[in-house]
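S.K.: Structure file entry37.txt, compact mmCIF, C-alpha atoms and all ligand atoms, is pasted below:
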```txt
# COMPACT_ATOMS: atom_id res chain seq x y z
CA MET A 113 65.21 10.82 96.51
CA GLY A 114 62.95 8.78 94.27
CA ALA A 115 59.58 9.75 92.87
CA ILE A 116 56.38 9.68 94.87
CA VAL A 117 54.59 6.57 93.65
CA ILE A 118 50.94 7.35 92.95
CA ASP A 119 49.15 4.21 94.12
CA GLY A 120 46.22 3.93 91.73
CA ALA A 121 44.85 0.82 93.41
CA ALA A 122 44.64 2.53 96.82
CA MET A 123 43.22 5.73 95.32
CA ALA A 124 40.63 3.72 93.40
CA ARG A 125 39.53 1.94 96.60
CA GLN A 126 39.13 5.33 98.26
CA ILE A 127 37.02 6.60 95.34
CA LEU A 128 34.85 3.47 95.39
CA GLY A 129 34.23 4.09 99.11
CA GLU A 130 33.18 7.68 98.37
CA GLN A 131 31.00 6.52 95.51
CA ARG A 132 29.39 3.90 97.73
CA ASP A 133 28.18 6.68 100.06
CA ALA A 134 26.67 8.51 97.07
CA ALA A 135 25.11 5.27 95.78
CA LEU A 136 23.51 4.60 99.18
CA ARG A 137 22.03 8.11 99.22
CA LEU A 138 20.50 7.48 95.78
CA ALA A 139 19.27 4.04 96.83
CA ALA A 140 17.50 5.65 99.80
CA LEU A 141 15.59 7.74 97.24
CA GLY A 142 14.62 4.53 95.43
CA ARG A 143 17.22 5.04 92.69
CA VAL A 144 19.74 2.22 92.96
CA PRO A 145 22.41 3.11 90.37
CA GLY A 146 22.54 0.48 87.62
CA LEU A 147 25.20 -0.41 85.04
CA ALA A 148 24.52 -2.68 82.07
CA VAL A 149 27.64 -4.48 80.87
CA VAL A 150 27.50 -5.87 77.35
CA LEU A 151 30.06 -8.48 76.34
CA VAL A 152 30.06 -10.02 72.88
CA GLY A 153 32.07 -13.20 72.27
CA ASP A 154 34.51 -15.01 74.54
CA ASP A 155 37.74 -12.99 74.47
CA PRO A 156 39.42 -13.99 77.78
CA ALA A 157 41.03 -10.55 78.35
CA SER A 158 37.64 -8.83 77.88
CA ALA A 159 36.07 -11.25 80.35
CA VAL A 160 38.75 -10.30 82.92
CA TYR A 161 38.07 -6.55 82.42
CA VAL A 162 34.31 -7.10 82.70
CA ARG A 163 34.74 -9.07 85.93
CA ALA A 164 36.89 -6.26 87.40
CA LYS A 165 34.21 -3.68 86.56
CA GLU A 166 31.45 -5.86 88.01
CA ARG A 167 33.46 -6.41 91.22
CA ALA A 168 33.92 -2.65 91.55
CA CYS A 169 30.17 -2.12 91.01
CA HIS A 170 29.45 -4.58 93.78
CA GLU A 171 31.88 -2.77 96.10
CA ALA A 172 30.28 0.61 95.37
CA GLY A 173 26.65 -0.49 95.66
CA VAL A 174 25.93 -0.31 91.92
CA ARG A 175 23.52 -2.91 90.51
CA THR A 176 24.80 -4.70 87.38
CA PHE A 177 22.85 -6.07 84.45
CA ASP A 178 24.78 -8.65 82.45
CA TYR A 179 24.31 -9.03 78.70
CA ARG A 180 26.44 -11.81 77.17
CA LEU A 181 26.05 -12.33 73.44
CA PRO A 182 27.74 -15.05 71.37
CA SER A 183 30.49 -14.04 68.93
CA THR A 184 28.03 -14.87 66.13
CA ALA A 185 25.62 -12.09 67.25
CA THR A 186 24.84 -9.63 64.46
CA GLU A 187 25.24 -5.87 64.60
CA ALA A 188 21.44 -5.54 64.35
CA GLU A 189 21.00 -7.78 67.40
CA LEU A 190 23.50 -5.74 69.38
CA LEU A 191 21.84 -2.46 68.36
CA GLN A 192 18.54 -3.92 69.55
CA VAL A 193 20.10 -4.61 72.97
CA ILE A 194 21.41 -1.03 73.14
CA ASP A 195 17.96 0.36 72.24
CA THR A 196 16.37 -1.73 75.01
CA LEU A 197 18.95 -0.54 77.56
CA ASN A 198 18.56 3.10 76.44
CA GLY A 199 14.87 2.81 77.35
CA ASP A 200 15.30 0.93 80.65
CA PRO A 201 14.89 3.31 83.63
CA GLN A 202 16.83 0.95 85.95
CA VAL A 203 19.91 1.26 83.74
CA HIS A 204 21.86 4.50 84.25
CA GLY A 205 25.02 3.46 82.44
CA ILE A 206 25.76 1.26 79.43
CA LEU A 207 29.17 -0.20 78.86
CA VAL A 208 30.01 -2.17 75.72
CA GLN A 209 33.25 -4.04 76.26
CA LEU A 210 35.71 -3.58 73.38
CA PRO A 211 36.97 -5.05 71.14
CA LEU A 212 33.83 -6.23 69.33
CA PRO A 213 34.03 -9.06 66.77
CA ALA A 214 35.27 -7.81 63.37
CA HIS A 215 31.88 -8.13 61.65
CA ILE A 216 30.33 -5.57 64.04
CA GLY A 217 31.02 -1.87 63.53
CA ALA A 218 32.14 -0.58 66.94
CA ASP A 219 31.35 3.01 65.96
CA SER A 220 27.72 2.39 65.06
CA VAL A 221 27.21 0.48 68.32
CA LEU A 222 28.93 3.01 70.57
CA GLN A 223 27.21 5.97 68.91
CA ARG A 224 23.82 4.33 69.50
CA ILE A 225 24.25 4.66 73.30
CA ASP A 226 22.16 7.44 74.85
CA PRO A 227 24.77 10.11 75.79
CA ALA A 228 23.09 10.40 79.23
CA LYS A 229 24.07 6.72 79.80
CA ASP A 230 27.45 6.87 78.04
CA VAL A 231 29.59 6.05 81.09
CA ASP A 232 32.65 5.34 78.94
CA GLY A 233 32.39 8.86 77.49
CA PHE A 234 32.96 7.56 73.94
CA THR A 235 29.96 9.03 72.09
CA TRP A 236 30.64 11.99 69.80
CA ARG A 237 28.22 14.02 71.89
CA SER A 238 30.23 13.31 75.08
CA LEU A 239 33.53 14.05 73.31
CA GLY A 240 32.10 17.22 71.75
CA ALA A 241 30.94 18.44 75.15
CA LEU A 242 34.42 17.80 76.53
CA LEU A 243 35.91 19.83 73.67
CA ASP A 244 33.65 22.70 74.62
CA GLY A 245 34.72 22.53 78.28
CA HIS A 246 31.56 21.14 79.90
CA ALA A 247 31.81 17.38 80.05
CA LEU A 248 28.61 15.29 80.09
CA LEU A 249 30.24 12.04 81.18
CA ALA A 250 34.00 12.24 80.70
CA PRO A 251 36.12 9.38 79.27
CA CYS A 252 37.28 7.28 82.22
CA THR A 253 40.99 6.72 81.62
CA PRO A 254 41.91 10.39 81.14
CA SER A 255 39.66 11.50 84.00
CA GLY A 256 41.38 8.89 86.18
CA CYS A 257 44.75 10.40 85.19
CA MET A 258 43.52 13.90 86.08
CA LEU A 259 42.28 12.78 89.48
CA MET A 260 45.62 11.11 90.18
CA LEU A 261 47.39 14.41 89.47
CA GLU A 262 44.90 16.40 91.54
CA ARG A 263 44.87 14.13 94.60
CA SER A 264 48.67 13.85 94.55
CA GLY A 265 49.05 17.62 94.60
CA VAL A 266 50.78 17.84 91.22
CA PRO A 267 50.58 21.43 89.95
CA VAL A 268 48.98 21.59 86.50
CA ALA A 269 48.15 25.24 85.73
CA GLY A 270 50.90 26.90 83.72
CA ARG A 271 52.94 23.67 83.47
CA HIS A 272 54.01 22.00 80.25
CA ALA A 273 52.09 18.76 79.78
CA VAL A 274 53.15 16.32 77.06
CA VAL A 275 50.73 13.58 76.02
CA ILE A 276 52.03 10.68 73.93
CA GLY A 277 49.16 9.20 71.90
CA ARG A 278 46.25 10.78 70.08
CA SER A 279 43.46 8.19 70.31
CA SER A 280 39.92 9.44 70.92
CA ILE A 281 39.62 7.42 74.12
CA VAL A 282 42.89 8.36 75.83
CA GLY A 283 45.35 10.79 74.20
CA LYS A 284 43.06 13.49 72.80
CA PRO A 285 40.68 13.70 75.79
CA ALA A 286 43.66 13.68 78.19
CA ALA A 287 45.13 16.64 76.29
CA LEU A 288 41.79 18.49 76.43
CA MET A 289 41.44 17.91 80.17
CA LEU A 290 44.96 19.17 80.82
CA LEU A 291 44.24 22.22 78.68
CA GLU A 292 41.04 22.82 80.64
CA ARG A 293 43.19 22.87 83.79
CA ASP A 294 45.41 25.56 82.21
CA ALA A 295 48.40 23.41 81.28
CA THR A 296 50.32 24.20 78.09
CA VAL A 297 49.82 20.99 76.15
CA THR A 298 51.82 19.20 73.45
CA ILE A 299 50.47 16.04 71.82
CA CYS A 300 52.97 13.55 70.35
CA HIS A 301 52.32 10.56 68.12
CA SER A 302 54.13 8.08 65.90
CA ARG A 303 55.11 10.79 63.40
CA THR A 304 56.69 13.09 66.00
CA PRO A 305 60.33 13.29 64.77
CA ASP A 306 62.32 13.75 67.99
CA LEU A 307 60.11 12.47 70.77
CA ALA A 308 62.81 12.62 73.44
CA ALA A 309 63.42 16.33 72.78
CA VAL A 310 59.74 17.00 73.52
CA THR A 311 59.32 14.67 76.50
CA ARG A 312 62.41 16.14 78.20
CA GLU A 313 60.52 19.46 78.35
CA ALA A 314 57.51 17.92 80.10
CA ASP A 315 56.56 18.84 83.67
CA ILE A 316 53.73 16.32 83.25
CA LEU A 317 54.23 13.36 80.92
CA VAL A 318 51.22 11.20 80.02
CA CYS A 319 52.29 8.08 78.09
CA ALA A 320 49.55 6.30 76.14
CA ALA A 321 51.30 4.71 73.17
CA GLY A 322 51.12 1.02 74.04
CA ARG A 323 54.86 0.52 73.51
CA PRO A 324 56.56 -1.42 76.33
CA ARG A 325 59.09 0.70 78.27
CA MET A 326 59.56 3.19 75.41
CA ILE A 327 60.11 6.06 77.85
CA ALA A 328 63.72 5.73 78.95
CA VAL A 329 65.15 7.68 81.86
CA ASP A 330 66.97 10.16 79.58
CA MET A 331 63.60 11.18 78.08
CA VAL A 332 62.28 12.49 81.39
CA LYS A 333 62.80 15.87 83.03
CA PRO A 334 63.97 15.64 86.67
CA GLY A 335 60.98 16.04 89.01
CA ALA A 336 58.35 15.47 86.30
CA ALA A 337 55.01 13.78 86.99
CA VAL A 338 54.92 10.64 84.84
CA ILE A 339 51.53 9.04 84.24
CA ASP A 340 51.86 5.67 82.54
CA VAL A 341 48.64 4.65 80.78
CA GLY A 342 50.15 1.88 78.67
CA ILE A 343 49.28 -1.73 79.35
CA ASN A 344 51.54 -4.17 77.55
CA ARG A 345 51.68 -7.92 78.07
CA MET A 346 55.22 -9.27 77.97
CA GLN A 347 56.26 -12.71 76.69
CA ASN A 348 56.50 -13.96 80.28
CA GLY A 349 52.82 -13.07 80.73
CA LYS A 350 53.52 -10.11 83.03
CA LEU A 351 52.18 -6.61 82.40
CA CYS A 352 54.35 -3.56 81.92
CA GLY A 353 53.69 0.06 81.03
CA ASP A 354 55.14 2.43 78.44
CA VAL A 355 57.71 3.72 80.96
CA ASP A 356 60.96 2.14 82.08
CA TYR A 357 59.59 2.27 85.61
CA ASP A 358 62.59 1.34 87.76
CA ALA A 359 64.96 3.79 86.08
CA VAL A 360 62.47 6.65 85.68
CA ARG A 361 61.26 6.31 89.27
CA ALA A 362 64.68 7.46 90.48
CA LYS A 363 64.44 10.70 88.47
CA ALA A 364 60.76 11.69 88.32
CA GLY A 365 58.85 13.64 90.97
CA TRP A 366 55.76 11.43 90.75
CA ILE A 367 55.15 8.18 88.88
CA THR A 368 52.31 5.70 88.42
CA PRO A 369 53.07 1.94 88.39
CA VAL A 370 51.75 -0.68 85.95
CA PRO A 371 49.86 -2.64 87.09
CA GLY A 372 48.20 -0.81 89.98
CA GLY A 373 48.19 2.69 88.51
CA VAL A 374 45.87 4.09 85.86
CA GLY A 375 44.07 0.73 85.33
CA PRO A 376 42.17 0.59 88.64
CA MET A 377 41.49 4.33 88.41
CA THR A 378 39.80 3.79 85.04
CA VAL A 379 37.46 1.25 86.63
CA ALA A 380 36.72 3.60 89.54
CA MET A 381 35.85 6.40 87.10
CA VAL A 382 33.37 4.15 85.28
CA ILE A 383 31.59 3.66 88.61
CA ALA A 384 31.75 7.40 89.34
CA ASN A 385 30.15 8.07 85.95
CA VAL A 386 27.33 5.58 86.65
CA ILE A 387 26.57 7.32 89.93
CA THR A 388 26.74 10.76 88.31
CA ALA A 389 24.33 9.56 85.60
CA ALA A 390 21.97 8.07 88.19
CA GLY A 391 22.13 11.28 90.25
CA ARG A 392 21.24 13.39 87.21
CA ARG A 393 18.31 11.09 86.43
CA ALA A 394 17.16 11.46 90.06
CA GLY A 395 17.34 15.23 89.61
P1 LIG B 1 45.94 3.42 70.25
O1 LIG B 1 46.71 2.31 69.63
O2 LIG B 1 44.60 3.77 69.76
O3 LIG B 1 46.84 4.76 70.20
C1 LIG B 1 48.20 4.72 70.43
C2 LIG B 1 48.77 6.10 70.15
O4 LIG B 1 50.16 6.07 70.45
C3 LIG B 1 48.62 6.54 68.70
O5 LIG B 1 48.20 7.88 68.66
C4 LIG B 1 50.03 6.37 68.12
O6 LIG B 1 50.35 7.33 67.14
C5 LIG B 1 50.88 6.62 69.35
N1 LIG B 1 52.16 5.94 69.25
C6 LIG B 1 52.39 4.63 68.97
N2 LIG B 1 53.70 4.40 68.92
C7 LIG B 1 54.33 5.56 69.16
C8 LIG B 1 55.68 5.95 69.22
N3 LIG B 1 56.67 5.07 69.03
N4 LIG B 1 55.96 7.25 69.48
C9 LIG B 1 54.97 8.14 69.67
N5 LIG B 1 53.67 7.83 69.63
C10 LIG B 1 53.35 6.55 69.36
O7 LIG B 1 45.91 3.06 71.80
P2 LIG B 1 44.98 3.61 73.00
O8 LIG B 1 45.01 5.07 73.07
O9 LIG B 1 43.68 2.91 72.97
O10 LIG B 1 45.77 2.99 74.23
C11 LIG B 1 47.11 3.34 74.48
C12 LIG B 1 47.69 2.43 75.56
O11 LIG B 1 46.95 2.62 76.75
C13 LIG B 1 47.58 0.93 75.25
O12 LIG B 1 48.70 0.29 75.84
C14 LIG B 1 46.33 0.50 75.97
O13 LIG B 1 46.35 -0.86 76.35
C15 LIG B 1 46.41 1.38 77.20
N6 LIG B 1 45.12 1.66 77.82
C16 LIG B 1 45.08 1.58 79.17
C17 LIG B 1 43.93 1.86 79.84
C18 LIG B 1 43.96 1.79 81.32
O14 LIG B 1 42.91 1.73 81.93
N7 LIG B 1 45.13 1.87 81.95
C19 LIG B 1 42.70 2.20 79.14
C20 LIG B 1 42.85 2.36 77.70
C21 LIG B 1 44.03 2.07 77.08
P3 LIG B 1 49.58 7.41 65.70
O15 LIG B 1 48.26 8.06 66.00
O16 LIG B 1 50.47 8.24 64.88
O17 LIG B 1 49.45 5.99 65.24
```
As structure tokens - that is how I would like this structure written.
Ligand code: NDP
M.R.:
Amino acid sequence: MGAIVIDGAAMARQILGEQRDAALRLAALGRVPGLAVVLVGDDPASAVYVRAKERACHEAGVRTFDYRLPSTATEAELLQVIDTLNGDPQVHGILVQLPLPAHIGADSVLQRIDPAKDVDGFTWRSLGALLDGHALLAPCTPSGCMLMLERSGVPVAGRHAVVIGRSSIVGKPAALMLLERDATVTICHSRTPDLAAVTREADILVCAAGRPRMIAVDMVKPGAAVIDVGINRMQNGKLCGDVDYDAVRAKAGWITPVPGGVGPMTVAMVIANVITAAGRRAG
């Protein structure tokens, strides 16, 4: 008996369909949900991510506003764009594609976004609200992970959840969301001495380290739900996650693939946040 494979691509399509219905209802009220996507420079990987988000917007009936700035753009110019978008009533969500060029401070740009339009959930106000248990707009990757658990029927309350990674965009918010759902949560990071001893205790294992196939089969408890957030590009150009998928699949209860797992769910949650933001604006 292998694990149930949680098909993130299929689940994301389903969510986009649901969001499309909500977008149409808003459009009928004269409030077409709108997402502004800001891309600075010509990083090819960023361009691919932006195209995926714009395709998903199109599928869900969300209008997109494209802002492409050259890599020579200054921080002041970018802040000016954010200020304009903050004040534009047709824009309900603002997404600044990371990474930004080194001469621009990502923090000052991200923190300039109006929290009501912060569809990535990266502002301190959004993260603070999450800490206090009433999310404004929740960070997309961890909320995608939570929805995958929920829609797959994975029990969370009272279970031991182990999160590997403590970044502000994935690890920490994932841990908070699991805690909010009454899991007992352990967070691991690069200074955790015996990682395997901790992961073997996990009923739910969320891997967000960015280390290709670091989770070997002997690090996983039989029947565990394994959510692989990692996206690593191998020398042959293919993507792989943080989990040794083929081996772990035989032992886990549930597992997410890479690609086709958390990635498409992250995109779907961006769209869901845009529609939530537009709905709030509509009252
Ligand atoms: P960061 O590099 O910001 O954080 C990585 C975390 O993993 C750090 O907390 C680090 O610990 C920890 N870590 C690294 N190596 C080890 C190790 N050997 N053992 C235990 N912990 C370790 O990355 P992000 O959080 O931004 O992203 C994590 C991964 O998720 C990346 O592969 C990224 O590409 C992917 N990602 C995928 C998304 C998706 O949509 N599927 C969206 C966002 C990210 P320490 O703090 O001690 O350094």
S.K.: At a cut-off of 12 Å, using only C-alpha atoms, what residues contact Ala214 of chain A? Leave out same-chain residues fewer than 6 positions from it and give the result as a ChimeraX atom specification.
M.R.: /A:152-153,183-187
S.K.: Check which residues fall inside 8 Å of ligand LIG 1 (chain B) when counting only C-alpha atoms and all ligand atoms, and print them as a ChimeraX atom specification.
M.R.: /A:252-253,276-283,300-304,307,319-323,326,340-344,353-354,373-379
S.K.: So, with all atoms listed in the file as the atoms that count, which of A:Ala241, A:Ile299, A:Ala269, A:Ala134 lies closest to Pro227 of chain A?
M.R.: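 The closest residue to Pro227 of chain A is A:Ala241.
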S.K.: In Å to one decimal, how far is atom CA of Leu242 of chain A from atom CA of Arg392 of chain A?
M.R.: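 Here the two named atoms are 17.5 Å from each other.
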S.K.: Under the rule that all atoms listed in the file are counted, which of A:Leu317, A:Leu243, A:Ala228, A:Ala295 is the nearest residue to Val386 of chain A?
M.R.: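 Looking at the shortest contact to Val386 of chain A, the residue is A:Ala228.
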S.K.: Excluding Met123 of chain A and its own-chain neighbours fewer than 4 positions away, which residues fall within 9 Å of it when counting only C-alpha atoms? Please give them as a CSV table (one decimal) with C-alpha atoms, in the frame of the given file.
M.R.:
```
chain,number,residue,atom,x,y,z
A,118,ILE,CA,50.9,7.4,93.0
A,119,ASP,CA,49.2,4.2,94.1
A,127,ILE,CA,37.0,6.6,95.3
A,128,LEU,CA,34.8,3.5,95.4
A,260,MET,CA,45.6,11.1,90.2
A,263,ARG,CA,44.9,14.1,94.6
A,373,GLY,CA,48.2,2.7,88.5
A,376,PRO,CA,42.2,0.6,88.6
A,377,MET,CA,41.5,4.3,88.4
A,380,ALA,CA,36.7,3.6,89.5
```
S.K.: Can you pull out the residues contacting segment 136-147 of chain A? Cut-off 9 Å, using only C-alpha atoms, and skip same-chain residues under 5 positions away; I want them as JSON, numbers by chain.
M.R.: {"A": [131, 166, 169, 172, 173, 174, 175, 176, 177, 178, 202, 203, 204, 205, 206, 207, 229, 231, 383, 386, 387, 389, 390, 391, 393, 394]}
S.K.: Given the choices A:Pro211, A:Leu288, A:Val275, A:Val149, which gets closest to Ala164 of chain A if the distance is worked out from all atoms listed in the file?
M.R.: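 Using all atoms listed in the file, Ala164 of chain A sits closest to A:Val149.
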